[in-house]
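Below is query06.pdb, which holds PDB, C-alpha atoms and all ligand atoms.
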```
ATOM      1  CA  MET A   1      65.319 134.989-116.547
ATOM      2  CA  GLU A   2      67.378 133.855-113.610
ATOM      3  CA  ALA A   3      70.950 132.688-114.158
ATOM      4  CA  LEU A   4      71.919 129.299-112.712
ATOM      5  CA  ARG A   5      73.348 129.384-109.188
ATOM      6  CA  LEU A   6      76.227 127.081-108.293
ATOM      7  CA  GLY A   7      77.296 128.399-104.874
ATOM      8  CA  ARG A   8      76.002 128.680-101.325
ATOM      9  CA  TYR A   9      74.011 131.874-101.855
ATOM     10  CA  PRO A  10      70.693 131.989-103.667
ATOM     11  CA  ALA A  11      69.840 134.704-106.161
ATOM     12  CA  ALA A  12      68.863 137.995-104.547
ATOM     13  CA  ARG A  13      65.159 138.388-103.807
ATOM     14  CA  TRP A  14      65.224 141.959-105.133
ATOM     15  CA  VAL A  15      67.665 143.702-107.463
ATOM     16  CA  ILE A  16      67.710 147.499-107.470
ATOM     17  CA  ALA A  17      69.603 149.704-109.904
ATOM     18  CA  HIS A  18      70.670 152.765-107.943
ATOM     19  CA  LEU A  19      71.497 155.713-110.189
ATOM     20  CA  SER A  20      72.255 159.223-109.032
ATOM     21  CA  ASP A  21      73.067 162.726-110.148
ATOM     22  CA  THR A  22      72.205 162.485-113.819
ATOM     23  CA  HIS A  23      72.292 166.324-114.048
ATOM     24  CA  LEU A  24      70.762 166.676-117.506
ATOM     25  CA  LEU A  25      70.471 170.102-119.133
ATOM     26  CA  ASP A  26      67.926 171.484-121.570
ATOM     27  CA  GLY A  27      68.622 170.280-125.123
ATOM     28  CA  GLY A  28      71.100 167.663-123.923
ATOM     29  CA  THR A  29      73.758 170.365-123.559
ATOM     30  CA  ARG A  30      77.062 169.117-122.168
ATOM     31  CA  LEU A  31      77.528 169.995-118.501
ATOM     32  CA  GLY A  32      80.341 172.509-118.060
ATOM     33  CA  GLY A  33      80.716 172.263-121.837
ATOM     34  CA  VAL A  34      82.385 168.880-121.290
ATOM     35  CA  ALA A  35      80.325 166.135-119.656
ATOM     36  CA  ASP A  36      78.043 164.185-121.998
ATOM     37  CA  THR A  37      75.330 163.562-119.418
ATOM     38  CA  VAL A  38      72.830 162.231-121.957
ATOM     39  CA  GLY A  39      75.331 159.796-123.483
ATOM     40  CA  SER A  40      76.308 158.562-120.036
ATOM     41  CA  LEU A  41      72.688 158.006-119.049
ATOM     42  CA  GLU A  42      71.954 156.181-122.315
ATOM     43  CA  ARG A  43      75.003 154.008-121.777
ATOM     44  CA  THR A  44      73.816 153.238-118.239
ATOM     45  CA  ALA A  45      70.410 152.201-119.566
ATOM     46  CA  ALA A  46      72.041 150.025-122.253
ATOM     47  CA  GLN A  47      74.192 148.270-119.652
ATOM     48  CA  LEU A  48      71.215 147.679-117.367
ATOM     49  CA  ALA A  49      69.159 146.371-120.279
ATOM     50  CA  ARG A  50      71.576 143.424-120.441
ATOM     51  CA  LEU A  51      70.191 142.256-117.097
ATOM     52  CA  GLY A  52      66.898 141.503-118.823
ATOM     53  CA  ASP A  53      64.004 141.099-116.415
ATOM     54  CA  ARG A  54      66.281 140.794-113.401
ATOM     55  CA  LEU A  55      65.651 144.349-112.178
ATOM     56  CA  ASP A  56      62.909 144.991-109.654
ATOM     57  CA  ALA A  57      63.413 148.713-109.201
ATOM     58  CA  ILE A  58      65.374 151.646-110.540
ATOM     59  CA  VAL A  59      66.003 154.351-107.959
ATOM     60  CA  VAL A  60      67.403 157.726-109.032
ATOM     61  CA  THR A  61      68.593 159.604-105.943
ATOM     62  CA  GLY A  62      68.327 163.164-107.115
ATOM     63  CA  ASP A  63      69.955 165.915-109.103
ATOM     64  CA  VAL A  64      68.021 164.366-111.965
ATOM     65  CA  THR A  65      68.465 167.646-113.826
ATOM     66  CA  ASP A  66      71.072 170.346-113.346
ATOM     67  CA  LEU A  67      68.750 173.358-113.502
ATOM     68  CA  GLY A  68      65.261 171.903-113.102
ATOM     69  CA  GLU A  69      64.385 172.399-116.784
ATOM     70  CA  THR A  70      61.303 170.620-118.110
ATOM     71  CA  ASP A  71      63.041 169.408-121.270
ATOM     72  CA  ALA A  72      65.822 167.858-119.204
ATOM     73  CA  TYR A  73      63.320 165.953-117.026
ATOM     74  CA  ARG A  74      61.588 164.658-120.154
ATOM     75  CA  ARG A  75      64.874 163.401-121.584
ATOM     76  CA  VAL A  76      65.776 161.465-118.441
ATOM     77  CA  ARG A  77      62.317 159.938-118.461
ATOM     78  CA  GLU A  78      62.619 159.031-122.131
ATOM     79  CA  VAL A  79      65.787 157.079-121.407
ATOM     80  CA  LEU A  80      64.785 155.308-118.194
ATOM     81  CA  GLU A  81      61.084 154.564-118.718
ATOM     82  CA  PRO A  82      61.622 152.139-121.621
ATOM     83  CA  LEU A  83      64.280 150.347-119.552
ATOM     84  CA  ALA A  84      61.889 150.092-116.608
ATOM     85  CA  ALA A  85      59.111 148.802-118.866
ATOM     86  CA  ALA A  86      61.344 146.239-120.589
ATOM     87  CA  SER A  87      62.832 144.926-117.364
ATOM     88  CA  GLY A  88      59.573 145.034-115.396
ATOM     89  CA  ALA A  89      61.185 147.367-112.848
ATOM     90  CA  GLU A  90      59.484 150.149-110.943
ATOM     91  CA  LEU A  91      61.040 153.565-111.361
ATOM     92  CA  PHE A  92      61.522 155.854-108.341
ATOM     93  CA  TRP A  93      62.616 159.468-108.435
ATOM     94  CA  VAL A  94      64.134 161.266-105.461
ATOM     95  CA  MET A  95      64.510 165.043-105.264
ATOM     96  CA  GLY A  96      68.023 166.559-105.227
ATOM     97  CA  ASN A  97      69.259 170.079-104.570
ATOM     98  CA  HIS A  98      69.610 170.781-108.300
ATOM     99  CA  ASP A  99      65.994 169.753-108.922
ATOM    100  CA  GLU A 100      62.958 172.016-108.775
ATOM    101  CA  ARG A 101      59.941 170.570-106.995
ATOM    102  CA  ALA A 102      57.275 171.948-109.334
ATOM    103  CA  ALA A 103      58.903 170.699-112.555
ATOM    104  CA  PHE A 104      59.935 167.443-110.861
ATOM    105  CA  ARG A 105      56.266 166.857-110.030
ATOM    106  CA  THR A 106      54.827 167.765-113.411
ATOM    107  CA  GLU A 107      57.498 166.157-115.619
ATOM    108  CA  LEU A 108      58.449 163.015-113.667
ATOM    109  CA  LEU A 109      55.425 162.214-111.517
ATOM    110  CA  ASP A 110      52.576 163.559-113.682
ATOM    111  CA  GLU A 111      51.338 165.500-110.688
ATOM    112  CA  ARG A 112      50.188 169.076-110.372
ATOM    113  CA  PRO A 113      52.977 171.591-109.646
ATOM    114  CA  SER A 114      53.626 172.285-105.983
ATOM    115  CA  ASP A 115      56.598 173.448-103.945
ATOM    116  CA  GLU A 116      55.845 171.076-101.077
ATOM    117  CA  PRO A 117      58.486 168.385-100.350
ATOM    118  CA  VAL A 118      58.279 165.421-102.731
ATOM    119  CA  HIS A 119      58.231 162.392-100.453
ATOM    120  CA  GLY A 120      57.004 159.001-101.595
ATOM    121  CA  VAL A 121      56.450 155.396-100.529
ATOM    122  CA  ALA A 122      56.205 152.276-102.658
ATOM    123  CA  ASP A 123      55.895 148.567-102.091
ATOM    124  CA  VAL A 124      58.025 146.337-104.308
ATOM    125  CA  ALA A 125      56.830 142.806-103.593
ATOM    126  CA  GLY A 126      57.003 143.347 -99.840
ATOM    127  CA  LEU A 127      60.102 145.533 -99.839
ATOM    128  CA  ARG A 128      59.251 149.137 -98.985
ATOM    129  CA  ILE A 129      61.109 151.941-100.702
ATOM    130  CA  VAL A 130      60.772 155.400 -99.178
ATOM    131  CA  ALA A 131      61.830 158.490-101.127
ATOM    132  CA  LEU A 132      62.675 161.323 -98.751
ATOM    133  CA  ASP A 133      63.040 164.869-100.068
ATOM    134  CA  THR A 134      66.007 166.533 -98.314
ATOM    135  CA  SER A 135      66.178 169.531-100.639
ATOM    136  CA  VAL A 136      65.859 173.142 -99.485
ATOM    137  CA  PRO A 137      64.325 175.404-102.162
ATOM    138  CA  GLY A 138      66.862 177.959-103.333
ATOM    139  CA  TYR A 139      69.845 176.234-101.688
ATOM    140  CA  HIS A 140      72.203 173.316-102.312
ATOM    141  CA  HIS A 141      72.558 171.972 -98.756
ATOM    142  CA  GLY A 142      70.059 169.470 -97.343
ATOM    143  CA  ALA A 143      67.666 169.712 -94.420
ATOM    144  CA  LEU A 144      64.697 167.910 -92.881
ATOM    145  CA  ASP A 145      62.058 170.035 -91.217
ATOM    146  CA  LYS A 146      59.702 168.842 -88.478
ATOM    147  CA  THR A 147      56.928 168.100 -90.973
ATOM    148  CA  SER A 148      59.138 165.847 -93.116
ATOM    149  CA  LEU A 149      60.500 164.015 -90.065
ATOM    150  CA  ALA A 150      56.977 163.517 -88.733
ATOM    151  CA  TRP A 151      55.909 162.155 -92.136
ATOM    152  CA  LEU A 152      58.809 159.696 -92.110
ATOM    153  CA  GLU A 153      58.002 158.647 -88.559
ATOM    154  CA  ARG A 154      54.396 157.930 -89.527
ATOM    155  CA  VAL A 155      55.437 155.886 -92.570
ATOM    156  CA  LEU A 156      57.957 153.821 -90.615
ATOM    157  CA  ALA A 157      55.633 153.248 -87.640
ATOM    158  CA  GLU A 158      54.309 150.137 -89.379
ATOM    159  CA  PRO A 159      57.060 147.713 -90.479
ATOM    160  CA  ALA A 160      57.011 146.393 -94.051
ATOM    161  CA  ALA A 161      57.014 142.664 -94.809
ATOM    162  CA  ALA A 162      60.626 142.664 -96.057
ATOM    163  CA  GLY A 163      61.844 145.879 -94.430
ATOM    164  CA  THR A 164      62.532 149.337 -95.829
ATOM    165  CA  ILE A 165      65.094 150.979 -98.047
ATOM    166  CA  LEU A 166      65.293 154.739 -97.488
ATOM    167  CA  ALA A 167      66.384 156.751-100.542
ATOM    168  CA  MET A 168      67.515 160.351-100.035
ATOM    169  CA  HIS A 169      69.773 162.703-101.966
ATOM    170  CA  HIS A 170      71.885 164.180 -99.158
ATOM    171  CA  ALA A 171      73.390 161.067 -97.582
ATOM    172  CA  PRO A 172      74.025 161.165 -93.813
ATOM    173  CA  ILE A 173      77.654 160.133 -94.086
ATOM    174  CA  ALA A 174      81.054 161.803 -93.659
ATOM    175  CA  THR A 175      82.970 163.058 -96.686
ATOM    176  CA  PRO A 176      86.658 164.011 -96.905
ATOM    177  CA  LEU A 177      85.681 166.885 -99.242
ATOM    178  CA  SER A 178      85.652 170.017 -97.051
ATOM    179  CA  LEU A 179      83.564 172.063 -99.462
ATOM    180  CA  MET A 180      80.880 169.354 -99.567
ATOM    181  CA  ASP A 181      80.548 169.734 -95.769
ATOM    182  CA  VAL A 182      78.869 173.082 -96.391
ATOM    183  CA  LEU A 183      76.279 171.280 -98.511
ATOM    184  CA  GLU A 184      75.670 168.456 -96.035
ATOM    185  CA  LEU A 185      72.353 167.338 -94.568
ATOM    186  CA  GLN A 186      71.221 169.309 -91.536
ATOM    187  CA  GLY A 187      69.096 167.673 -88.849
ATOM    188  CA  GLN A 188      70.937 164.347 -88.806
ATOM    189  CA  ASP A 189      70.508 163.862 -85.035
ATOM    190  CA  GLU A 190      66.744 164.175 -85.427
ATOM    191  CA  LEU A 191      66.800 161.785 -88.404
ATOM    192  CA  ALA A 192      68.761 159.235 -86.357
ATOM    193  CA  GLU A 193      66.085 159.413 -83.666
ATOM    194  CA  VAL A 194      63.319 158.782 -86.180
ATOM    195  CA  LEU A 195      65.182 155.828 -87.720
ATOM    196  CA  SER A 196      66.003 154.228 -84.383
ATOM    197  CA  GLY A 197      64.196 150.922 -83.932
ATOM    198  CA  THR A 198      62.582 150.983 -87.387
ATOM    199  CA  ASP A 199      62.816 148.392 -90.168
ATOM    200  CA  VAL A 200      65.117 150.513 -92.387
ATOM    201  CA  ARG A 201      67.748 148.087 -93.721
ATOM    202  CA  LEU A 202      69.674 150.386 -96.019
ATOM    203  CA  ILE A 203      69.950 154.076 -96.861
ATOM    204  CA  LEU A 204      70.632 155.007-100.488
ATOM    205  CA  GLY A 205      72.115 158.429-101.212
ATOM    206  CA  GLY A 206      73.751 160.573-103.856
ATOM    207  CA  HIS A 207      74.992 164.168-103.978
ATOM    208  CA  LEU A 208      78.675 163.370-103.411
ATOM    209  CA  HIS A 209      79.383 162.297-107.025
ATOM    210  CA  TYR A 210      81.576 159.378-105.956
ATOM    211  CA  ALA A 211      80.615 155.908-104.789
ATOM    212  CA  THR A 212      81.079 155.454-101.064
ATOM    213  CA  ASN A 213      79.511 153.737 -98.096
ATOM    214  CA  GLY A 214      79.328 153.909 -94.327
ATOM    215  CA  MET A 215      76.892 153.650 -91.443
ATOM    216  CA  PHE A 216      74.267 155.978 -90.004
ATOM    217  CA  ALA A 217      72.367 155.208 -86.805
ATOM    218  CA  GLY A 218      73.414 151.574 -87.184
ATOM    219  CA  ILE A 219      72.088 151.375 -90.745
ATOM    220  CA  PRO A 220      74.368 150.827 -93.776
ATOM    221  CA  VAL A 221      74.533 153.769 -96.171
ATOM    222  CA  SER A 222      75.362 153.319 -99.861
ATOM    223  CA  VAL A 223      76.056 156.390-101.979
ATOM    224  CA  ALA A 224      76.008 155.912-105.741
ATOM    225  CA  GLY A 225      78.499 157.748-107.913
ATOM    226  CA  ALA A 226      77.061 160.207-110.413
ATOM    227  CA  THR A 227      76.274 159.275-113.989
ATOM    228  CA  ALA A 228      77.057 162.924-114.922
ATOM    229  CA  TYR A 229      80.611 163.449-113.636
ATOM    230  CA  THR A 230      82.792 162.365-110.723
ATOM    231  CA  MET A 231      84.316 164.204-107.777
ATOM    232  CA  ASP A 232      87.992 163.221-107.600
ATOM    233  CA  LEU A 233      88.915 162.187-104.061
ATOM    234  CA  SER A 234      92.594 162.231-104.997
ATOM    235  CA  ALA A 235      92.466 165.984-105.587
ATOM    236  CA  ARG A 236      94.556 168.240-103.346
ATOM    237  CA  PRO A 237      93.062 168.717 -99.853
ATOM    238  CA  GLY A 238      90.618 171.603 -99.878
ATOM    239  CA  GLU A 239      90.060 171.339-103.638
ATOM    240  CA  LEU A 240      86.747 170.243-105.146
ATOM    241  CA  LEU A 241      87.526 168.725-108.526
ATOM    242  CA  GLY A 242      84.817 167.351-110.811
ATOM    243  CA  ILE A 243      86.201 165.176-113.607
ATOM    244  CA  ASP A 244      84.833 163.863-116.902
ATOM    245  CA  GLY A 245      85.335 160.175-116.117
ATOM    246  CA  GLY A 246      85.084 157.472-113.458
ATOM    247  CA  ARG A 247      81.290 157.361-113.753
ATOM    248  CA  SER A 248      79.357 154.587-112.089
ATOM    249  CA  PHE A 249      76.057 153.377-110.755
ATOM    250  CA  THR A 250      75.304 150.829-108.039
ATOM    251  CA  LEU A 251      73.455 147.541-108.028
ATOM    252  CA  VAL A 252      71.728 146.655-104.770
ATOM    253  CA  HIS A 253      71.091 142.958-104.175
ATOM    254  CA  VAL A 254      68.586 142.433-101.377
ATOM    255  CA  PHE A 255      68.383 139.042 -99.683
ATOM    256  CA  ASP A 256      66.074 137.931 -96.893
ATOM    257  CA  ASP A 257      68.770 138.477 -94.289
ATOM    258  CA  SER A 258      71.330 140.771 -95.929
ATOM    259  CA  VAL A 259      71.965 143.466 -98.504
ATOM    260  CA  VAL A 260      74.941 143.684-100.876
ATOM    261  CA  THR A 261      75.814 146.812-102.875
ATOM    262  CA  SER A 262      78.163 146.733-105.880
ATOM    263  CA  VAL A 263      79.569 149.601-107.942
ATOM    264  CA  VAL A 264      79.304 149.236-111.722
ATOM    265  CA  PRO A 265      81.535 151.380-113.962
ATOM    266  CA  ILE A 266      79.780 153.078-116.876
ATOM    267  CA  GLY A 267      81.593 152.094-120.088
ATOM    268  CA  PRO A 268      82.267 151.363-122.805
ATOM    269  CA  PHE A 269      85.517 149.544-122.107
ATOM    270  CA  PRO A 270      87.594 146.974-124.034
ATOM    271  CA  THR A 271      86.994 143.355-123.004
ATOM    272  CA  VAL A 272      89.828 141.606-121.146
ATOM    273  CA  THR A 273      88.181 138.286-120.391
ATOM    274  CA  SER A 274      84.782 136.762-121.073
ATOM    275  CA  PHE A 275      82.951 133.503-120.385
ATOM    276  CA  GLY A 276      79.556 132.906-121.947
ATOM    277  CA  GLU A 277      76.365 131.437-120.566
ATOM    278  CA  GLU A 278      77.134 128.153-122.367
ATOM    279  CA  PHE A 279      80.097 127.647-120.057
ATOM    280  CA  LEU A 280      77.885 128.170-117.006
ATOM    281  CA  THR A 281      75.423 125.633-118.398
ATOM    282  CA  GLU A 282      78.278 123.192-118.975
ATOM    283  CA  LEU A 283      79.449 123.594-115.364
ATOM    284  CA  ALA A 284      75.909 123.123-114.091
ATOM    285  CA  GLY A 285      75.912 119.686-115.714
ATOM    286  CA  LEU A 286      79.000 118.621-113.743
ATOM    287  CA  SER A 287      79.353 117.448-110.150
ATOM    288  CA  PRO A 288      80.746 120.018-107.650
ATOM    289  CA  GLU A 289      84.130 118.223-107.745
ATOM    290  CA  GLU A 290      84.179 118.184-111.546
ATOM    291  CA  ARG A 291      83.374 121.915-111.588
ATOM    292  CA  LEU A 292      86.439 122.629-109.475
ATOM    293  CA  GLU A 293      88.605 120.590-111.858
ATOM    294  CA  ARG A 294      87.117 122.352-114.864
ATOM    295  CA  PHE A 295      87.110 125.948-113.644
ATOM    296  CA  SER A 296      89.159 126.191-110.456
ATOM    297  CA  ARG A 297      92.222 124.030-111.208
ATOM    298  CA  LYS A 298      95.317 126.185-111.801
ATOM    299  CA  ARG A 299      96.975 125.646-115.135
ATOM    300  CA  PRO A 300     100.376 126.801-116.397
ATOM    301  CA  PRO A 301     100.226 130.196-118.084
ATOM    302  CA  THR A 302      99.522 129.837-121.784
ATOM    303  CA  ALA A 303     101.691 132.735-122.881
TER
HETATM  304 FE    FE B 401      74.778 166.301-108.024
HETATM  305 FE    FE B 402      73.409 167.287-105.021
END
```
As structure tokens, how would this structure be written, given the file I've shared?
Amino acid sequence: MEALRLGRYPAARWVIAHLSDTHLLDGGTRLGGVADTVGSLERTAAQLARLGDRLDAIVVTGDVTDLGETDAYRRVREVLEPLAAASGAELFWVMGNHDERAAFRTELLDERPSDEPVHGVADVAGLRIVALDTSVPGYHHGALDKTSLAWLERVLAEPAAAGTILAMHHAPIATPLSLMDVLELQGQDELAEVLSGTDVRLILGGHLHYATNGMFAGIPVSVAGATAYTMDLSARPGELLGIDGGRSFTLVHVFDDSVVTSVVPIGPFPTVTSFGEEFLTELAGLSPEERLERFSRKRPPTA
């Protein structure tokens, strides 16, 4: 159900939950003996469930599991599939460097095992979502070979009705983390050439384990933080520090002429302030001027 709108912007045409780097282990084992990856994923699903049917897609940009174990893939699926079903959202999986193509195919896609790249295309009410596999079997850096680039070029040759969102694990964006440079995506010049002049409106990425954004080949790039654990950008230069906190996912609101991405912290947290839907309904019954008096007028502090 759509919430009332009282401002100049309409509701987004599409809402996408962008999750990344869930990194589950067999048996729900804590990552590094510390990070409760299952609990964090369940909490993410519980938060997204509050949006009701307002989700059109859930995109998971890779490192779905930490070691490519079948049990870990099943657990992620068990958490996210009911959410997708309840919200009416389509669920998209993107390969990461920690994933294994064969198990990814059998456990998430119900396909036969194969070590070929796991690319995919879907149409979500006119909006095209392309999943591009940037993984390199046996390694943690990313790369795109000629075959993958040619596949992408073929897919993008025909524009989609509402444009394309490209989802890939290794985001083509700078990072201040020197050690992550070693694990960056190779072949970015060739990718830029393929994307030039296409209808790609946004690139979704992961891999960095912190929420960030930038531009690539004139296209905005949004990297979701990890649900598993966070890389601390305030660590000493040269250090790569993964911490058990600061987890987040991203909501992508797609409009006819723009895209807005917003980072959502994964709780739980104490409530500081809260207004209910009844208040919104009350405001909707007022004139625009009355709304400003009711909700915008400054009042002396109460305490
Ligand atoms: Fe990761
Ligand atoms: Fe990664």
For range 204-207 of chain A, list every protein, DNA or RNA residue within 8 Å, evaluated using only C-alpha atoms, and leave out those in the same chain fewer than 3 positions away; present the list as an mmCIF file with C-alpha atoms, in the coordinates of the input.
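Contents of part.cif, as written:
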```cif
data_model
loop_
_atom_site.group_PDB
_atom_site.id
_atom_site.type_symbol
_atom_site.label_atom_id
_atom_site.label_comp_id
_atom_site.auth_asym_id
_atom_site.auth_seq_id
_atom_site.Cartn_x
_atom_site.Cartn_y
_atom_site.Cartn_z
ATOM 1 C CA HIS A 18 70.670 152.765 -107.943
ATOM 2 C CA SER A 20 72.255 159.223 -109.032
ATOM 3 C CA ASP A 21 73.067 162.726 -110.148
ATOM 4 C CA THR A 61 68.593 159.604 -105.943
ATOM 5 C CA GLY A 62 68.327 163.164 -107.115
ATOM 6 C CA ASP A 63 69.955 165.915 -109.103
ATOM 7 C CA GLY A 96 68.023 166.559 -105.227
ATOM 8 C CA ILE A 165 65.094 150.979 -98.047
ATOM 9 C CA LEU A 166 65.293 154.739 -97.488
ATOM 10 C CA ALA A 167 66.384 156.751 -100.542
ATOM 11 C CA MET A 168 67.515 160.351 -100.035
ATOM 12 C CA HIS A 169 69.773 162.703 -101.966
ATOM 13 C CA HIS A 170 71.885 164.180 -99.158
ATOM 14 C CA ALA A 171 73.390 161.067 -97.582
ATOM 15 C CA VAL A 221 74.533 153.769 -96.171
ATOM 16 C CA SER A 222 75.362 153.319 -99.861
ATOM 17 C CA VAL A 223 76.056 156.390 -101.979
ATOM 18 C CA ALA A 224 76.008 155.912 -105.741
ATOM 19 C CA GLY A 225 78.499 157.748 -107.913
ATOM 20 C CA ALA A 226 77.061 160.207 -110.413
#
```
When you draw a straight line from CA of Leu80 in chain A to CA of Glu42 in chain A, how long is it in Å?
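Going from CA of Leu80 in chain A over to CA of Glu42 in chain A, I get 8.3 Å.
Proximity ranking of A:Gly214, A:Gly7, A:Gly142, A:Gly27 relative to ligand FE 402 (chain B) places A:Gly142 first, based on all atoms listed in the file.
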Do you know which residues the PyMOL selection byres (((chain A and resi 174) around 12) and not hetatm) returns on this file, as number ranges by chain?
A: 170-173, 175-178, 180-185, 188, 208, 212-216, 221-223
Could the centre and edge lengths of an axis-aligned box, enclosing all atoms of range 127-135 of chain A in the file with 8 Å extra on each side, be given in Å to one decimal as lines of an AutoDock Vina configuration file?
```
center_x = 62.7
center_y = 157.5
center_z = -99.7
size_x = 22.9
size_y = 40.0
size_z = 18.8
```
Between A:Ala150, A:Ala122, A:Val264, A:Val64, which has the minimum distance to ligand FE 402 (chain B) (counting all atoms listed in the file)?
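The answer is A:Val64, which sits nearest to ligand FE 402 (chain B).
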Provide the CA of Phe255 in chain A to CA of Gly218 in chain A distance in Å, to one decimal place.
18.4 Å
Looking at A:Arg74, A:Arg5, A:Leu19, A:Asp199, which one is nearest to Asp110 in chain A, with distances taken over all atoms listed in the file?
A:Arg74
Tell me which protein, DNA and RNA residues are within 8 Å of Leu280 in chain A, counting only C-alpha atoms, leaving out same-chain ones fewer than 4 positions away, and put them as an MDAnalysis selection string.
chainID A and resid 4 276 284
Measure the distance from CA of Asp244 in chain A to CA of His209 in chain A in Å and round it to one decimal.
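Atom-to-atom, CA of Asp244 in chain A to CA of His209 in chain A, that is 11.4 Å.
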Of the candidates A:Ala228, A:Val60, A:Ala84, A:Leu91, which one gets nearest to ligand FE 401 (chain B) if we count only C-alpha atoms and all ligand atoms?
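Of A:Ala228, A:Val60, A:Ala84, A:Leu91, the one nearest ligand FE 401 (chain B), counting only C-alpha atoms and all ligand atoms, is A:Ala228.
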Translate the PyMOL selection byres (((chain A and resi 52) around 12) and not hetatm), as applied to the file shown, into an explicit residue set as a list in words.
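Evaluating the PyMOL selection byres (((chain A and resi 52) around 12) and not hetatm) on these coordinates yields Met1, Glu2, Ala3, Val15, Ala45, Ala46, Gln47, Leu48, Ala49, Arg50, Leu51, Asp53, Arg54, Leu55, Asp56, Leu83, Ala84, Ala85, Ala86, Ser87, Gly88 and Ala89 of chain A.
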